[in-house]
>>> print(open('target-v1.txt').read())   # compact mmCIF, N, CA and C atoms
# COMPACT_ATOMS: atom_id res chain seq x y z
N MET E 645 -72.55 -9.03 1.74
CA MET E 645 -71.33 -8.59 1.09
C MET E 645 -71.69 -7.54 0.05
N LEU E 646 -70.95 -6.44 0.07
CA LEU E 646 -71.18 -5.36 -0.88
C LEU E 646 -70.60 -5.72 -2.24
N PRO E 647 -71.28 -5.30 -3.31
CA PRO E 647 -70.74 -5.57 -4.65
C PRO E 647 -69.45 -4.77 -4.86
N ILE E 648 -68.58 -5.29 -5.66
CA ILE E 648 -67.33 -4.62 -5.99
C ILE E 648 -67.64 -3.53 -7.01
N MET E 649 -67.22 -2.33 -6.69
CA MET E 649 -67.45 -1.20 -7.59
C MET E 649 -66.35 -1.17 -8.64
N PRO E 650 -66.72 -0.98 -9.90
CA PRO E 650 -65.70 -0.88 -10.94
C PRO E 650 -64.88 0.39 -10.76
N GLU E 651 -63.64 0.35 -11.17
CA GLU E 651 -62.79 1.53 -11.08
C GLU E 651 -63.27 2.58 -12.08
N ILE E 652 -63.33 3.81 -11.63
CA ILE E 652 -63.74 4.91 -12.50
C ILE E 652 -62.49 5.67 -12.88
N THR E 653 -62.32 5.87 -14.17
CA THR E 653 -61.11 6.51 -14.68
C THR E 653 -61.27 8.04 -14.68
N PRO E 654 -60.17 8.77 -14.69
CA PRO E 654 -60.26 10.23 -14.82
C PRO E 654 -61.02 10.67 -16.07
N ALA E 655 -60.88 9.94 -17.16
CA ALA E 655 -61.61 10.29 -18.39
C ALA E 655 -63.12 10.15 -18.18
N GLN E 656 -63.54 9.11 -17.47
CA GLN E 656 -64.97 8.94 -17.19
C GLN E 656 -65.49 10.05 -16.29
N ILE E 657 -64.71 10.41 -15.29
CA ILE E 657 -65.10 11.51 -14.40
C ILE E 657 -65.26 12.79 -15.20
N GLU E 658 -64.33 13.07 -16.09
CA GLU E 658 -64.42 14.29 -16.90
C GLU E 658 -65.67 14.26 -17.79
N ARG E 659 -66.01 13.11 -18.35
CA ARG E 659 -67.24 13.00 -19.16
C ARG E 659 -68.48 13.27 -18.31
N PHE E 660 -68.50 12.73 -17.08
CA PHE E 660 -69.62 13.00 -16.17
C PHE E 660 -69.73 14.48 -15.87
N LEU E 661 -68.60 15.13 -15.59
CA LEU E 661 -68.61 16.56 -15.27
C LEU E 661 -69.06 17.40 -16.46
N VAL E 662 -68.62 17.05 -17.66
CA VAL E 662 -69.04 17.77 -18.86
C VAL E 662 -70.56 17.63 -19.03
N ALA E 663 -71.07 16.41 -18.86
CA ALA E 663 -72.51 16.18 -18.99
C ALA E 663 -73.28 16.96 -17.92
N ALA E 664 -72.74 17.03 -16.70
CA ALA E 664 -73.40 17.79 -15.63
C ALA E 664 -73.43 19.28 -15.98
N ARG E 665 -72.32 19.81 -16.45
CA ARG E 665 -72.27 21.23 -16.84
C ARG E 665 -73.28 21.53 -17.93
N GLU E 666 -73.35 20.66 -18.93
CA GLU E 666 -74.28 20.86 -20.05
C GLU E 666 -75.74 20.81 -19.57
N THR E 667 -76.03 19.86 -18.70
CA THR E 667 -77.39 19.74 -18.18
C THR E 667 -77.79 20.99 -17.41
N ILE E 668 -76.93 21.45 -16.51
CA ILE E 668 -77.22 22.65 -15.72
C ILE E 668 -77.40 23.86 -16.65
N ALA E 669 -76.56 23.97 -17.68
CA ALA E 669 -76.66 25.10 -18.61
C ALA E 669 -77.97 25.06 -19.39
N ASP E 670 -78.49 23.87 -19.69
CA ASP E 670 -79.71 23.72 -20.49
C ASP E 670 -81.00 23.82 -19.68
N VAL E 671 -80.91 23.76 -18.37
CA VAL E 671 -82.11 23.69 -17.52
C VAL E 671 -82.19 24.95 -16.67
N PRO E 672 -83.08 25.89 -17.02
CA PRO E 672 -83.14 27.14 -16.27
C PRO E 672 -83.74 26.99 -14.86
N TYR E 673 -84.65 26.03 -14.68
CA TYR E 673 -85.29 25.84 -13.38
C TYR E 673 -84.84 24.51 -12.78
N CYS E 674 -84.66 24.52 -11.48
CA CYS E 674 -84.30 23.28 -10.79
C CYS E 674 -85.15 23.17 -9.53
N TRP E 675 -85.08 22.04 -8.87
CA TRP E 675 -85.75 21.85 -7.60
C TRP E 675 -84.79 22.20 -6.49
N LEU E 676 -85.23 23.04 -5.57
CA LEU E 676 -84.48 23.36 -4.36
C LEU E 676 -85.10 22.57 -3.22
N ALA E 677 -84.32 21.71 -2.59
CA ALA E 677 -84.80 20.92 -1.45
C ALA E 677 -84.14 21.43 -0.17
N THR E 678 -84.98 21.71 0.82
CA THR E 678 -84.52 22.19 2.12
C THR E 678 -85.12 21.32 3.21
N ARG E 679 -84.53 21.41 4.40
CA ARG E 679 -85.08 20.69 5.55
C ARG E 679 -86.19 21.53 6.16
N SER E 680 -87.35 20.92 6.34
CA SER E 680 -88.49 21.65 6.92
C SER E 680 -88.34 21.76 8.43
N ALA E 681 -89.13 22.64 9.02
CA ALA E 681 -89.08 22.86 10.47
C ALA E 681 -89.37 21.59 11.26
N ASP E 682 -90.19 20.69 10.69
CA ASP E 682 -90.53 19.45 11.40
C ASP E 682 -89.57 18.30 11.09
N GLY E 683 -88.47 18.61 10.38
CA GLY E 683 -87.47 17.58 10.08
C GLY E 683 -87.66 16.88 8.75
N GLY E 684 -88.73 17.19 8.04
CA GLY E 684 -88.97 16.60 6.73
C GLY E 684 -88.21 17.37 5.65
N THR E 685 -88.68 17.25 4.44
CA THR E 685 -88.05 17.94 3.31
C THR E 685 -89.11 18.71 2.54
N ASN E 686 -88.75 19.91 2.12
CA ASN E 686 -89.60 20.70 1.22
C ASN E 686 -88.83 20.91 -0.07
N ALA E 687 -89.52 20.77 -1.19
CA ALA E 687 -88.89 21.00 -2.49
C ALA E 687 -89.78 21.93 -3.29
N ARG E 688 -89.12 22.85 -3.99
CA ARG E 688 -89.86 23.77 -4.85
C ARG E 688 -88.96 24.17 -6.00
N ALA E 689 -89.58 24.59 -7.10
CA ALA E 689 -88.83 24.99 -8.29
C ALA E 689 -88.30 26.40 -8.11
N VAL E 690 -87.04 26.61 -8.51
CA VAL E 690 -86.43 27.95 -8.51
C VAL E 690 -85.65 28.10 -9.81
N ARG E 691 -85.51 29.33 -10.24
CA ARG E 691 -84.70 29.63 -11.43
C ARG E 691 -83.28 29.89 -10.94
N SER E 692 -82.33 29.10 -11.40
CA SER E 692 -80.96 29.26 -10.91
C SER E 692 -80.09 29.97 -11.93
N SER E 693 -79.07 30.63 -11.41
CA SER E 693 -78.08 31.34 -12.22
C SER E 693 -76.70 30.93 -11.74
N SER E 694 -75.71 31.20 -12.55
CA SER E 694 -74.34 30.88 -12.14
C SER E 694 -73.94 31.75 -10.96
N GLY E 695 -72.90 31.34 -10.29
CA GLY E 695 -72.40 32.09 -9.14
C GLY E 695 -71.80 33.42 -9.56
N ALA E 696 -71.44 34.21 -8.58
CA ALA E 696 -70.83 35.51 -8.83
C ALA E 696 -69.41 35.32 -9.37
N THR E 697 -68.87 36.36 -9.97
CA THR E 697 -67.50 36.32 -10.47
C THR E 697 -66.57 35.91 -9.34
N GLY E 698 -65.74 34.93 -9.62
CA GLY E 698 -64.81 34.44 -8.60
C GLY E 698 -65.30 33.21 -7.85
N ASP E 699 -66.60 32.91 -7.94
CA ASP E 699 -67.12 31.69 -7.30
C ASP E 699 -66.69 30.48 -8.11
N ASP E 700 -66.72 29.30 -7.48
CA ASP E 700 -66.41 28.10 -8.25
C ASP E 700 -67.56 27.81 -9.22
N GLU E 701 -67.29 26.99 -10.21
CA GLU E 701 -68.27 26.78 -11.29
C GLU E 701 -69.55 26.09 -10.85
N TRP E 702 -69.56 25.47 -9.68
CA TRP E 702 -70.74 24.75 -9.23
C TRP E 702 -71.62 25.61 -8.31
N THR E 703 -71.16 26.80 -7.95
CA THR E 703 -71.98 27.70 -7.13
C THR E 703 -73.15 28.20 -7.97
N ARG E 704 -74.34 28.15 -7.40
CA ARG E 704 -75.55 28.60 -8.08
C ARG E 704 -76.22 29.66 -7.22
N ARG E 705 -76.93 30.58 -7.87
CA ARG E 705 -77.67 31.63 -7.17
C ARG E 705 -79.12 31.58 -7.63
N PHE E 706 -80.02 32.01 -6.75
CA PHE E 706 -81.42 32.14 -7.12
C PHE E 706 -82.06 33.19 -6.24
N LEU E 707 -83.07 33.85 -6.79
CA LEU E 707 -83.79 34.89 -6.06
C LEU E 707 -85.01 34.31 -5.36
N VAL E 708 -85.18 34.71 -4.11
CA VAL E 708 -86.36 34.31 -3.35
C VAL E 708 -86.76 35.49 -2.46
N ARG E 709 -87.99 35.49 -2.01
CA ARG E 709 -88.44 36.53 -1.08
C ARG E 709 -87.77 36.35 0.28
N ARG E 710 -87.32 37.43 0.83
CA ARG E 710 -86.61 37.42 2.11
C ARG E 710 -87.44 36.75 3.21
N GLY E 711 -88.75 36.97 3.21
CA GLY E 711 -89.62 36.41 4.26
C GLY E 711 -90.20 35.05 3.93
N SER E 712 -89.70 34.40 2.88
CA SER E 712 -90.27 33.12 2.46
C SER E 712 -89.88 31.97 3.39
N ARG E 713 -90.67 30.91 3.34
CA ARG E 713 -90.38 29.72 4.14
C ARG E 713 -89.04 29.13 3.76
N LYS E 714 -88.70 29.15 2.45
CA LYS E 714 -87.42 28.56 2.04
C LYS E 714 -86.24 29.28 2.67
N VAL E 715 -86.34 30.62 2.81
CA VAL E 715 -85.25 31.37 3.45
C VAL E 715 -85.14 30.99 4.92
N SER E 716 -86.27 30.92 5.62
CA SER E 716 -86.20 30.54 7.04
C SER E 716 -85.66 29.12 7.19
N GLU E 717 -86.01 28.23 6.29
CA GLU E 717 -85.48 26.86 6.35
C GLU E 717 -83.97 26.84 6.07
N MET E 718 -83.51 27.64 5.11
CA MET E 718 -82.07 27.67 4.81
C MET E 718 -81.29 28.32 5.95
N ARG E 719 -81.87 29.30 6.62
CA ARG E 719 -81.19 29.89 7.78
C ARG E 719 -81.05 28.86 8.91
N ALA E 720 -82.09 28.08 9.13
CA ALA E 720 -82.09 27.08 10.21
C ALA E 720 -81.22 25.87 9.88
N ALA E 721 -81.22 25.45 8.63
CA ALA E 721 -80.47 24.26 8.20
C ALA E 721 -79.95 24.54 6.79
N PRO E 722 -78.75 25.10 6.67
CA PRO E 722 -78.27 25.57 5.37
C PRO E 722 -77.89 24.49 4.35
N ARG E 723 -77.93 23.23 4.73
CA ARG E 723 -77.60 22.17 3.77
C ARG E 723 -78.79 21.99 2.82
N VAL E 724 -78.56 22.17 1.51
CA VAL E 724 -79.63 22.09 0.51
C VAL E 724 -79.19 21.21 -0.65
N THR E 725 -80.17 20.84 -1.45
CA THR E 725 -79.90 20.11 -2.70
C THR E 725 -80.62 20.84 -3.82
N LEU E 726 -79.92 21.01 -4.94
CA LEU E 726 -80.52 21.51 -6.18
C LEU E 726 -80.56 20.35 -7.15
N ALA E 727 -81.72 20.06 -7.70
CA ALA E 727 -81.88 18.93 -8.62
C ALA E 727 -82.34 19.45 -9.98
N TYR E 728 -81.57 19.10 -11.01
CA TYR E 728 -81.84 19.51 -12.39
C TYR E 728 -82.23 18.28 -13.20
N GLN E 729 -83.29 18.37 -13.98
CA GLN E 729 -83.68 17.29 -14.88
C GLN E 729 -83.81 17.86 -16.28
N HIS E 730 -83.05 17.33 -17.20
CA HIS E 730 -83.12 17.78 -18.59
C HIS E 730 -84.47 17.41 -19.18
N ALA E 731 -84.98 18.26 -20.06
CA ALA E 731 -86.30 18.03 -20.67
C ALA E 731 -86.38 16.70 -21.41
N SER E 732 -85.26 16.21 -21.90
CA SER E 732 -85.24 14.93 -22.62
C SER E 732 -85.53 13.75 -21.69
N GLY E 733 -85.36 13.98 -20.38
CA GLY E 733 -85.51 12.88 -19.42
C GLY E 733 -84.30 11.98 -19.37
N GLU E 734 -83.30 12.30 -20.15
CA GLU E 734 -82.11 11.45 -20.25
C GLU E 734 -80.96 11.88 -19.35
N ALA E 735 -81.08 13.03 -18.70
CA ALA E 735 -79.97 13.52 -17.88
C ALA E 735 -80.51 14.25 -16.66
N TYR E 736 -79.87 14.04 -15.54
CA TYR E 736 -80.20 14.79 -14.34
C TYR E 736 -78.93 15.01 -13.54
N VAL E 737 -78.96 16.06 -12.72
CA VAL E 737 -77.82 16.42 -11.88
C VAL E 737 -78.38 16.84 -10.53
N ALA E 738 -77.75 16.40 -9.46
CA ALA E 738 -78.09 16.86 -8.12
C ALA E 738 -76.84 17.48 -7.51
N LEU E 739 -76.96 18.73 -7.07
CA LEU E 739 -75.87 19.42 -6.40
C LEU E 739 -76.25 19.58 -4.93
N GLY E 740 -75.38 19.15 -4.04
CA GLY E 740 -75.62 19.31 -2.61
C GLY E 740 -74.59 20.28 -2.05
N GLY E 741 -75.01 21.10 -1.11
CA GLY E 741 -74.06 22.02 -0.50
C GLY E 741 -74.72 22.88 0.55
N HIS E 742 -73.99 23.89 0.99
CA HIS E 742 -74.48 24.81 2.02
C HIS E 742 -74.97 26.10 1.36
N ALA E 743 -76.18 26.51 1.70
CA ALA E 743 -76.75 27.76 1.18
C ALA E 743 -76.24 28.93 2.01
N THR E 744 -76.02 30.01 1.33
CA THR E 744 -75.66 31.28 1.98
C THR E 744 -76.69 32.31 1.54
N ILE E 745 -77.29 32.99 2.48
CA ILE E 745 -78.26 34.03 2.16
C ILE E 745 -77.49 35.32 1.90
N VAL E 746 -77.64 35.87 0.69
CA VAL E 746 -76.97 37.11 0.30
C VAL E 746 -78.05 38.18 0.21
N GLU E 747 -77.85 39.27 0.93
CA GLU E 747 -78.84 40.34 0.91
C GLU E 747 -78.26 41.62 0.32
N ASP E 748 -77.41 41.47 -0.68
CA ASP E 748 -76.77 42.58 -1.37
C ASP E 748 -77.69 43.02 -2.51
N ASN E 749 -78.26 44.22 -2.40
CA ASN E 749 -79.23 44.70 -3.39
C ASN E 749 -78.63 44.76 -4.79
N ALA E 750 -77.39 45.19 -4.94
CA ALA E 750 -76.77 45.27 -6.27
C ALA E 750 -76.67 43.88 -6.89
N GLU E 751 -76.29 42.90 -6.09
CA GLU E 751 -76.19 41.54 -6.62
C GLU E 751 -77.57 41.01 -7.00
N MET E 752 -78.57 41.30 -6.19
CA MET E 752 -79.92 40.85 -6.51
C MET E 752 -80.41 41.48 -7.81
N ARG E 753 -80.12 42.77 -7.99
CA ARG E 753 -80.53 43.43 -9.24
C ARG E 753 -79.84 42.81 -10.45
N SER E 754 -78.60 42.35 -10.28
CA SER E 754 -77.88 41.74 -11.41
C SER E 754 -78.54 40.43 -11.86
N LEU E 755 -79.27 39.78 -10.96
CA LEU E 755 -79.97 38.53 -11.30
C LEU E 755 -81.37 38.76 -11.82
N TRP E 756 -81.92 39.94 -11.52
CA TRP E 756 -83.31 40.22 -11.85
C TRP E 756 -83.49 40.38 -13.35
N SER E 757 -84.48 39.74 -13.89
CA SER E 757 -84.83 39.85 -15.30
C SER E 757 -86.09 40.70 -15.41
N SER E 758 -86.13 41.59 -16.41
CA SER E 758 -87.33 42.41 -16.60
C SER E 758 -88.54 41.53 -16.86
N ALA E 759 -88.35 40.31 -17.34
CA ALA E 759 -89.46 39.39 -17.56
C ALA E 759 -90.15 39.05 -16.24
N LEU E 760 -89.44 39.19 -15.13
CA LEU E 760 -90.03 38.90 -13.82
C LEU E 760 -90.98 39.99 -13.35
N ASP E 761 -90.93 41.16 -14.01
CA ASP E 761 -91.81 42.27 -13.64
C ASP E 761 -93.25 42.04 -14.07
N ALA E 762 -93.46 41.16 -15.02
CA ALA E 762 -94.81 40.93 -15.57
C ALA E 762 -95.74 40.28 -14.58
>>> encode(input="target-v1.txt", output="C-alpha cells")
Amino acid sequence: MLPIMPEITPAQIERFLVAARETIADVPYCWLATRSADGGTNARAVRSSSGATGDDEWTRRFLVRRGSRKVSEMRAAPRVTLAYQHASGEAYVALGGHATIVEDNAEMRSLWSSALDA
C-alpha cells in the first residue's frame, strides 16, 4: 500500500518555485545529464544562462562545442536534465526537458563572456 501524500497548497508550491528560482540564480554551473549512445547516462558541468527573450522562465541556455559528445547525445535523445546544487548544500533543483540545438551565431555571441577567451 502506498503512503498517503499530504495535500500541497498553492502557497507551498509558490514557496518551492521561489526557492528554485533563487537557487538557479545563485548557481552559475549545473550538471547536464544526457543519454549516452549505449543507453547509459553522461553528466558534465556546464555554465547555464537564462533563456532568450520571450522564452519561459525555466528555459536555460549553455554553450558547447558543435562537435562535442554532448551535442551528438542531445541530437539522438533530446530529453535532458539540468541539476543545480547550491554551495550551501541546503538547496538543489533538477530541471527536466527537451534540448534544442541552436546554431545562431548572434545568439551564441550574446552568451559568450570575454572571460572564456582566457
>>> atom_distance(input="target-v1.txt", atom1="atom CA of E:Val708", atom2="atom C of E:Glu734")
28.1 Å
>>> atom_distance(input="target-v1.txt", atom1="atom CA of E:Val662", atom2="atom CA of E:Thr697")
20.4 Å
>>> atom_distance(input="target-v1.txt", atom1="atom CA of E:Arg723", atom2="atom N of E:Gly741")
5.6 Å
>>> closest_residue(input="target-v1.txt", among="E:Val690, E:Val671, E:Ser754, E:Ser716", to="E:Ala735", atoms="only C-alpha atoms")
E:Val671
>>> select_by_dssp(input="target-v1.txt", residues="chain E", states="helix (DSSP H, G or I)", output="count of residues only")
36
>>> residues_around(input="target-v1.txt", residues="E:Val715", least_positions_apart="6", cutoff="12 Å", atoms="only C-alpha atoms", output="ChimeraX atom specification")
/E:676-681,686,706-709,721-724,743-747
>>> closest_residue(input="target-v1.txt", among="E:Ala687, E:Gly711, E:Asp748, E:Val737", to="E:Phe660", atoms="only C-alpha atoms")
E:Val737
>>> residues_around(input="target-v1.txt", residues="E:Cys674", least_positions_apart="3", cutoff="6 Å", atoms="only N, CA and C atoms", output="list of chain:residue names")
E:Val671, E:Arg688, E:Ala689, E:Val690, E:Arg691, E:Ser692, E:Leu726, E:Ala727, E:Tyr728, E:Gln729
>>> closest_residue(input="target-v1.txt", among="E:Gly684, E:His742, E:Ala664, E:Arg705", to="E:Arg719", atoms="only C-alpha atoms")
E:His742
>>> closest_residue(input="target-v1.txt", among="E:Gly695, E:Pro647, E:Gly683, E:Gly733", to="E:Thr667", atoms="only C-alpha atoms")
E:Gly733
>>> axis_aligned_box(input="target-v1.txt", around="stretch 651-662 of chain E", padding_each_side="6 Å", output="AutoDock Vina command-line options")
--center_x -65.4 --center_y 9.1 --center_z -15.1 --size_x 22.4 --size_y 29.4 --size_z 20.1
>>> closest_residue(input="target-v1.txt", among="E:Ala731, E:Trp702, E:Arg710, E:Ala720", to="E:Leu661", atoms="only C-alpha atoms")
E:Trp702
>>> closest_residue(input="target-v1.txt", among="E:Ser732, E:Leu646, E:Glu701, E:Thr725", to="E:Arg665", atoms="only C-alpha atoms")
E:Glu701
